[in-house]
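Student: Pasting a structure here, questions to come.
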Amino acid sequence: MQDIARDLNVSVVTVSKALRHQGSISVATRNRVLQRARELNYQMNWVARSLVTRRTYTIGLLLPDFQHPFFAEIAKAVAETVRPRGYHVIISYFEEDPELEATEVESLVARQVDGLIVASAQTPESGLFQNIRQRKIPFVLIDRPIAGSRVSFVGTDNEALGRLATEHLIAQGCQRIAHLRGPAGLGIAAARMAGYRKALAKHKLSMPTEYVVEARYDDDMGFRGMQRLLGRKPPPDGVVCYNDPVAIGAMKAILAAGLNVPRDIAIIGAGNVHYSDLLAVPLTTVDQGATLIGDQASEILLQQISSKRTLRPKAILIKPRLVIRKSTARQPPEVSSSIII
């Protein structure tokens with residue numbers, strides 16, 4: 001840094017700010033410093049820097065699934081938010097296994113990450129995050145709140161999601177609306193089912209209990225769950241699905257049975273994964289605001305890391321947004337709601 005400062009006739013402090021993409025220096029000066037650093041093949045010594053600053057400039061991101069595009073979008077948003085501040089992201093996943101999640105948390109803490117962002121599978125009885133808080137490690141929960149925990153959280157209003165999806169099918173003329181629900185014991189699955197039931201009650205529609213079938217997370221279980229629903233007498237004419245992969249599995253089962261989507265059965269998912277509009281029958285879905293979740297969680301965590309005092313927890317619920325496509329197109333499209341925080 002002294003070489004660059006001497007060559008460009010600027011201070012070492014200015015060079016440091018430019019290399020860290022921080023501080024109030026002009027774009028021209030920053031570009032001159034970065035160009036000279038490239039010419040000298042300058043590489044940051046992160047170990048030395050962490051000894052001086054007592055930070056590693058790394059953030060741990062724990063996700064239950066790498067394959068689901070919803071979590072991939074969150075990871076992308078986190079990286080894009082923290083990178084300009086000089087931070088790097090270490091991503092780990094735990095396959096929906098709470099014990100593996102606890103092991104991965106400990107591993108990241110041992111690597112001295114400056115903070116954690118977690119889509120957790122822990123139960124309210126778990127002491128994992130109480131332990132992390134006692135060790136004064138900043139963290140933010142995303143997507144899945146833990147009941148009774150006073151920690152920062154960013155996620156979707158899942159009851160509103162279930163209600164919005166169900167009311168859309170009602171608006172399309174569906175009268176026998178089933179639900180392929182998420183895993184039993186998962187709070188957000190219960191919240192979406194609560195929204196489904198409240199929407200039915202509001203419109204005085206009563207569904208038998210056998211119209212609710214657990215389909216967990218993926219398309220295979222969605223396929224099997226839909227096969228069970230097709231055996232009901234009468235079968236449903238609309239299905240609210242826990243997420244988009246489950247909805248895709250449901251559509252496969254309907255088409256394999258020689259039925260039509262949406263004429264015979266309308267399908268709606270959740271997540272608005274990037275391929276939802278590329279299917280043979282483009283999927284109506286509810287957008288959860290994955291990019292906003294990653295961005296807002298990152299901002300909260302960076303505030304916690306930089307603060308010299310303990311900040312009060314923040315809770316941000318993102319309003320779900322309806323994205324209408326062919327899989328429910330029985331009536332003229334309604335106006336989609338907007339995402340707000």
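Naming works like this for the structure tokens: A, B, ... for the chains as they're shown, residue 1 at the start of each chain, ligands 1 onward in shown order.
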Could you pull out the strand (DSSP E) residues of region 96-264 of chain A, going by DSSP on the backbone, and write them as number ranges by chain?
Tutor: A: 115-118, 139-142, 153-156, 177-181, 212-214, 238-241
Student: Generate a file of the selected residues that holds C-alpha atoms, formatted as a PDB file, in the first residue's frame.
Tutor:
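Full text of selection01.pdb as output:
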```pdb
ATOM      1  CA  GLY A 115     -22.027 -12.953  11.496  1.00  0.00           C
ATOM      2  CA  LEU A 116     -24.581 -15.515  10.345  1.00  0.00           C
ATOM      3  CA  ILE A 117     -27.694 -15.536   8.148  1.00  0.00           C
ATOM      4  CA  VAL A 118     -29.734 -18.708   8.670  1.00  0.00           C
ATOM      5  CA  PHE A 139     -27.075 -13.346  13.299  1.00  0.00           C
ATOM      6  CA  VAL A 140     -30.315 -12.933  11.365  1.00  0.00           C
ATOM      7  CA  LEU A 141     -32.957 -15.575  10.723  1.00  0.00           C
ATOM      8  CA  ILE A 142     -34.572 -15.671   7.280  1.00  0.00           C
ATOM      9  CA  PHE A 153     -35.939 -11.958  11.167  1.00  0.00           C
ATOM     10  CA  VAL A 154     -36.678 -11.313   7.491  1.00  0.00           C
ATOM     11  CA  GLY A 155     -39.222 -13.370   5.601  1.00  0.00           C
ATOM     12  CA  THR A 156     -42.559 -13.573   3.834  1.00  0.00           C
ATOM     13  CA  ILE A 177     -59.959 -26.323  -3.339  1.00  0.00           C
ATOM     14  CA  ALA A 178     -57.419 -28.757  -1.913  1.00  0.00           C
ATOM     15  CA  HIS A 179     -54.037 -28.040  -0.321  1.00  0.00           C
ATOM     16  CA  LEU A 180     -50.770 -29.894  -0.880  1.00  0.00           C
ATOM     17  CA  ARG A 181     -49.173 -28.737   2.346  1.00  0.00           C
ATOM     18  CA  VAL A 212     -55.310 -31.512   2.749  1.00  0.00           C
ATOM     19  CA  VAL A 213     -52.383 -33.811   1.888  1.00  0.00           C
ATOM     20  CA  GLU A 214     -48.767 -33.466   3.011  1.00  0.00           C
ATOM     21  CA  GLY A 238     -58.202 -26.241  -7.615  1.00  0.00           C
ATOM     22  CA  VAL A 239     -55.069 -26.925  -5.557  1.00  0.00           C
ATOM     23  CA  VAL A 240     -52.971 -24.578  -3.444  1.00  0.00           C
ATOM     24  CA  CYS A 241     -49.432 -26.003  -3.351  1.00  0.00           C
TER      25      CYS A 241
END
```
Student: If we count only C-alpha atoms, what is near Pro98 (chain A) at a cut-off of 6 Å, once residues fewer than 2 positions away on the same chain are taken out, given as JSON, numbers by chain?
Tutor: {"A": [100, 101, 121, 122]}
Student: Near region 10-16 of chain A, counting only C-alpha atoms, which residues have an atom at most 9 Å away, once you skip same-chain residues fewer than 4 positions from it, shown as a list in words?
Tutor: Met1, Gln2, Asp3, Ile4, Ala5, Arg6, Arg20, His21, Gln22, Gly23, Ile25, Thr29, Arg30, Val33 and Leu34 of chain A
Student: Restricting it to N, CA and C atoms, dump the selection as a tab-separated table (two decimals), in the first residue's frame.
Tutor:
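Output saved as selection38.tsv:
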```tsv
chain	number	residue	atom	x	y	z
A	1	MET	N	0.83	-1.20	0.00
A	1	MET	CA	0.00	0.00	0.00
A	1	MET	C	0.87	1.26	0.00
A	2	GLN	N	2.01	1.18	0.66
A	2	GLN	CA	2.93	2.32	0.65
A	2	GLN	C	3.46	2.58	-0.76
A	3	ASP	N	3.74	1.51	-1.51
A	3	ASP	CA	4.21	1.66	-2.89
A	3	ASP	C	3.16	2.37	-3.75
A	4	ILE	N	1.91	1.94	-3.61
A	4	ILE	CA	0.84	2.54	-4.40
A	4	ILE	C	0.66	4.00	-4.01
A	5	ALA	N	0.69	4.28	-2.70
A	5	ALA	CA	0.51	5.66	-2.22
A	5	ALA	C	1.62	6.56	-2.77
A	6	ARG	N	2.85	6.06	-2.76
A	6	ARG	CA	3.97	6.85	-3.26
A	6	ARG	C	3.85	7.07	-4.77
A	20	ARG	N	-10.59	-1.38	-0.05
A	20	ARG	CA	-11.70	-1.97	0.71
A	20	ARG	C	-13.06	-1.52	0.20
A	21	HIS	N	-13.06	-0.67	-0.85
A	21	HIS	CA	-14.31	-0.13	-1.41
A	21	HIS	C	-15.13	0.58	-0.34
A	22	GLN	N	-14.46	1.31	0.51
A	22	GLN	CA	-15.11	2.03	1.59
A	22	GLN	C	-14.59	3.46	1.65
A	23	GLY	N	-15.32	4.29	2.38
A	23	GLY	CA	-14.85	5.66	2.59
A	23	GLY	C	-15.27	6.61	1.48
A	25	ILE	N	-14.08	8.69	-1.05
A	25	ILE	CA	-13.04	9.10	-2.00
A	25	ILE	C	-13.65	9.11	-3.38
A	29	THR	N	-10.11	8.56	-8.18
A	29	THR	CA	-9.00	8.14	-7.31
A	29	THR	C	-9.09	6.65	-7.02
A	30	ARG	N	-10.29	6.16	-6.74
A	30	ARG	CA	-10.46	4.73	-6.47
A	30	ARG	C	-10.01	3.90	-7.66
A	33	VAL	N	-6.21	3.81	-7.95
A	33	VAL	CA	-5.61	2.92	-6.96
A	33	VAL	C	-5.79	1.46	-7.37
A	34	LEU	N	-7.00	1.10	-7.80
A	34	LEU	CA	-7.26	-0.29	-8.18
A	34	LEU	C	-6.45	-0.69	-9.41
```
Student: Nearest residue to Val113 (chain A) out of A:Pro282, A:Pro145, A:Pro69, A:Gly60, using only C-alpha atoms?
Tutor: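 Distance minimum relative to Val113 (chain A) lands on A:Gly60.
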Student: Any idea what's packed within 12 Å of Lys308 (chain A), counting only C-alpha atoms, ignoring anything in its chain fewer than 5 positions away? Could you give it as a PDB file with C-alpha atoms, in the first residue's frame?
Tutor:
```pdb
ATOM      1  CA  LYS A 136     -22.223 -12.193  21.016  1.00  0.00           C
ATOM      2  CA  PRO A 138     -24.515 -11.339  15.252  1.00  0.00           C
ATOM      3  CA  LEU A 302     -24.000  -5.535   8.592  1.00  0.00           C
ATOM      4  CA  GLN A 303     -25.575  -3.007  10.965  1.00  0.00           C
TER       5      GLN A 303
END
```
Student: Nearest residue to Asn131 (chain A) out of A:Ala102, A:Lys17, A:Val323, A:Lys252, using only C-alpha atoms?
Tutor: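 Under the stated criterion, the closest residue is A:Ala102.
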Student: Excluding Thr58 (chain A) and any residue of its chain fewer than 4 positions from it, enumerate the residues within 8 Å of it, using only C-alpha atoms, and give them as an MDAnalysis selection string.
Tutor: chainID A and resid 87:90 113:115
Student: Give me, as JSON, numbers by chain, all polymer residues having an atom no more than 12 Å from Ala28 (chain A), counting only C-alpha atoms and skipping those fewer than 6 positions away in the same chain.
Tutor: {"A": [8, 18, 34, 35]}
Student: Extract, using only C-alpha atoms, all DNA, RNA and protein residues at most 12 Å from Thr123 (chain A), discarding same-chain residues fewer than 3 positions from it, and format them as a ChimeraX atom specification.
Tutor: /A:96-99,101-102,120,126-129,144-149,185-187
Student: Just list the residues in region 24-252 of chain A DSSP gives alpha helix (DSSP H) on the backbone, as a PyMOL selection string.
Tutor: chain A and resi 27-39+46-53+69-82+98-110+128-134+158-171+187-202+219-230+244-252
Student: Which of these residues is nearest to Ala290 (chain A), using only C-alpha atoms: A:Pro208, A:Gly271, A:Gly231, A:Gly162?
Tutor: A:Gly271
Student: Between CA of Asp143 (chain A) and CA of Ile293 (chain A), what distance in Å does the model show, to one decimal?
Tutor: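 Result for CA of Asp143 (chain A) versus CA of Ile293 (chain A): 7.7 Å, one decimal.
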